[in-house]
Amino acid sequence: MADEYERSAEFVDMMLAPHWAALGPPLSEALAGLAGPVVDVGAGGGHGTRVIARAVPGAEIVAVEPSAGLRSVLLARVNESAGLRDRVTVLPEGFLEATLPERLGALVAMNVIGHFDPPGRQRIWRLLADRLAPGGRAVLNLQPPSEPTAVPESRFADVRVGRRRYEGLGRAVPAGPGRITWHMTYRTFHDERPAGEVTASYDWWILDEPGLKAELAEHGLTPGRTGPPELGMYMIACT
Ligand SMILES: C[S@@+](CC[C@H](N)C(=O)[O-])C[C@H]1O[C@@H](n2cnc3c(N)ncnc32)[C@H](O)[C@@H]1O
């Protein structure tokens, strides 16, 4: 599969860090009391993997991350912590191509569902219906926009590291039914002087709450809201 994060991997993990300050506590709460194994879909650099490890002590974790750049961050983060190294397995395939445990205690898909087209989503829901253990849960979030409309450019990240400051900007354009393309610009400043600019584009499939409910219902699954409403998080429990 094409690596849409090839050019942006060096920026993505640090720019997601502030979002994880908000996402971490509700994700922990949603996973409390579960058993493993836990699959982290599109684990990126592992912010969520780390939250899962704390929330589900002792559980085996399978972190699936197809982007080589982000997987390098993930492997380094896992390898540096004895608590993670012993129980996190990093898989380099796309989620739909990965060989996963037969039974899943939980599945986490944060900031990633838009990477799956409608048939791909159907395969994820099918897998949940077939393989989530009784009492198991899936946790995911839906990100705006909820319709395939244009999104004007805005700055979504501003991170300082040493003498350098990194800005992330994004805008989206409609790209067909149910789909947008995000155009991202990553700017680097050294002592506030421009020092570089990288652009990248991501295809993103739109899914809103009614769509999620309708798709899951076809598989006998029901999502419930979890966490603060502005985070767009849902929990799917297997009964
Ligand atoms: C916006 S990042 C989010 C990373 C991480 N979940 C987080 O929130 O910090 C989206 C991630 O999904 C991954 N991804 C894209 N397509 C995927 C697929 N088919 N299977 C698994 N991961 C995928 C990307 O490589 C990227 O790491």
# chains A, B, ... in the order shown; residues from 1 in each chain; ligands from 1

call {"tool": "residues_near_ligand", "arguments": {"ligand": "ligand 1", "cutoff": "6 Å", "atoms": "only C-alpha atoms and all ligand atoms", "output": "list of chain:residue names"}}
result
A:Leu16, A:Val41, A:Gly42, A:Ala43, A:Gly44, A:His47, A:Gly48, A:Val64, A:Glu65, A:Pro66, A:Ser67, A:Leu70, A:Gly94, A:Phe95, A:Met110, A:Asn111, A:Val112, A:His115

call {"tool": "write_last_selection", "arguments": {"atoms": "C-alpha atoms", "output": "CSV table (one decimal), in the first residue's frame"}}
result
chain,number,residue,atom,x,y,z
A,16,LEU,CA,-0.3,14.5,17.6
A,41,VAL,CA,-5.1,0.0,14.4
A,42,GLY,CA,-2.7,2.5,12.7
A,43,ALA,CA,-0.8,3.0,15.9
A,44,GLY,CA,1.4,5.8,14.4
A,47,HIS,CA,0.9,7.6,21.7
A,48,GLY,CA,-2.2,5.4,21.9
A,64,VAL,CA,-0.4,-2.3,13.4
A,65,GLU,CA,1.5,0.5,11.6
A,66,PRO,CA,2.1,0.4,7.8
A,67,SER,CA,4.1,3.6,7.5
A,70,LEU,CA,5.9,6.3,11.8
A,94,GLY,CA,-2.1,-2.5,6.7
A,95,PHE,CA,-4.7,-3.5,9.2
A,110,MET,CA,-8.0,6.4,16.9
A,111,ASN,CA,-7.5,9.0,14.2
A,112,VAL,CA,-7.5,6.4,11.5
A,115,HIS,CA,-8.2,5.9,5.9

call {"tool": "select_by_dssp", "arguments": {"residues": "stretch 42-161 of chain A", "states": "strand (DSSP E or B)", "output": "ChimeraX atom specification"}}
result
/A:61-64,88-91,104-109,132-141,151-161

call {"tool": "residues_around", "arguments": {"residues": "A:Leu74", "least_positions_apart": "3", "cutoff": "7 Å", "atoms": "only C-alpha atoms", "output": "mmCIF file with N, CA and C atoms, in the first residue's frame"}}
result
data_model
loop_
_atom_site.group_PDB
_atom_site.id
_atom_site.type_symbol
_atom_site.label_atom_id
_atom_site.label_comp_id
_atom_site.auth_asym_id
_atom_site.auth_seq_id
_atom_site.Cartn_x
_atom_site.Cartn_y
_atom_site.Cartn_z
ATOM 1 N N GLY A 44 0.511 4.630 14.554
ATOM 2 C CA GLY A 44 1.362 5.809 14.397
ATOM 3 C C GLY A 44 2.622 5.642 15.217
ATOM 4 N N GLY A 45 3.025 6.695 15.925
ATOM 5 C CA GLY A 45 4.230 6.633 16.742
ATOM 6 C C GLY A 45 4.005 6.013 18.106
ATOM 7 N N GLY A 46 2.755 5.666 18.420
ATOM 8 C CA GLY A 46 2.514 4.901 19.643
ATOM 9 C C GLY A 46 1.971 5.680 20.833
ATOM 10 N N LEU A 70 6.573 6.311 10.531
ATOM 11 C CA LEU A 70 5.890 6.318 11.832
ATOM 12 C C LEU A 70 6.199 5.053 12.623
ATOM 13 N N ARG A 71 6.369 3.941 11.893
ATOM 14 C CA ARG A 71 6.693 2.682 12.586
ATOM 15 C C ARG A 71 8.063 2.779 13.272
ATOM 16 N N ARG A 77 9.827 3.882 20.530
ATOM 17 C CA ARG A 77 9.081 4.139 21.774
ATOM 18 C C ARG A 77 8.849 2.833 22.532
ATOM 19 N N VAL A 78 8.484 1.775 21.809
ATOM 20 C CA VAL A 78 8.221 0.475 22.454
ATOM 21 C C VAL A 78 9.520 -0.095 23.011
#

call {"tool": "atom_distance", "arguments": {"atom1": "atom CA of A:Arg131", "atom2": "atom CA of A:Pro101"}}
result
8.7 Å

call {"tool": "closest_residue", "arguments": {"among": "A:Leu231, A:Ala22, A:Leu107, A:Leu91", "to": "A:Asn141", "atoms": "only C-alpha atoms"}}
result
A:Leu231

call {"tool": "closest_residue", "arguments": {"among": "A:Thr89, A:Ser8, A:Ser154, A:Ser28", "to": "A:Thr226", "atoms": "only C-alpha atoms"}}
result
A:Ser28

call {"tool": "atom_distance", "arguments": {"atom1": "atom CA of A:Ala138", "atom2": "atom CA of A:Glu4"}}
result
25.0 Å

call {"tool": "residues_around", "arguments": {"residues": "A:Ala35", "least_positions_apart": "4", "cutoff": "7 Å", "atoms": "only C-alpha atoms", "output": "list in words"}}
result
Val56, Ala59 and Gly105 of chain A

call {"tool": "write_last_selection", "arguments": {"atoms": "C-alpha atoms", "output": "short mmCIF file (atom, residue, chain, number, x, y, z; two decimals), in the first residue's frame"}}
result
data_model
loop_
_atom_site.label_atom_id
_atom_site.label_comp_id
_atom_site.auth_asym_id
_atom_site.auth_seq_id
_atom_site.Cartn_x
_atom_site.Cartn_y
_atom_site.Cartn_z
CA VAL A 56 -4.93 -2.77 30.33
CA ALA A 59 -2.32 -7.39 28.17
CA GLY A 105 -10.13 -8.42 23.91
#

call {"tool": "select_by_dssp", "arguments": {"residues": "stretch 29-213 of chain A", "states": "helix (DSSP H, G or I)", "output": "PyMOL selection string"}}
result
chain A and resi 29-31+47-55+68-80+82-85+95-97+113-115+118-131+209-213

call {"tool": "closest_residue", "arguments": {"among": "A:Ala30, A:Phe156, A:Gly211, A:Arg164", "to": "A:Val12", "atoms": "only C-alpha atoms"}}
result
A:Phe156

call {"tool": "residues_around", "arguments": {"residues": "A:Pro134", "least_positions_apart": "4", "cutoff": "9 Å", "atoms": "only C-alpha atoms", "output": "ChimeraX atom specification"}}
result
/A:105,237-239

call {"tool": "write_last_selection", "arguments": {"atoms": "N, CA and C atoms", "output": "tab-separated table (two decimals), in the first residue's frame"}}
result
chain	number	residue	atom	x	y	z
A	105	GLY	N	-9.52	-9.00	22.71
A	105	GLY	CA	-10.13	-8.42	23.91
A	105	GLY	C	-10.61	-7.00	23.62
A	237	ALA	N	-19.44	-2.34	22.26
A	237	ALA	CA	-19.25	-3.43	23.22
A	237	ALA	C	-19.78	-4.73	22.64
A	238	CYS	N	-19.05	-5.80	22.89
A	238	CYS	CA	-19.51	-7.12	22.46
A	238	CYS	C	-20.23	-7.79	23.64
A	239	THR	N	-21.49	-8.17	23.43
A	239	THR	CA	-22.25	-8.74	24.57
A	239	THR	C	-22.22	-10.26	24.50

call {"tool": "atom_distance", "arguments": {"atom1": "atom CA of A:Gly120", "atom2": "atom CA of A:Ala68"}}
result
21.3 Å

call {"tool": "residues_around", "arguments": {"residues": "A:Asp158", "least_positions_apart": "4", "cutoff": "12 Å", "atoms": "only C-alpha atoms", "output": "PyMOL selection string"}}
result
chain A and resi 11-12+14-18+154+164-169+186-189

call {"tool": "residues_around", "arguments": {"residues": "A:Gly58", "least_positions_apart": "6", "cutoff": "10 Å", "atoms": "only C-alpha atoms", "output": "list in words"}}
result
Ala35, Gly36, Pro37, Gly83, Leu84, Asp86 and Arg87 of chain A
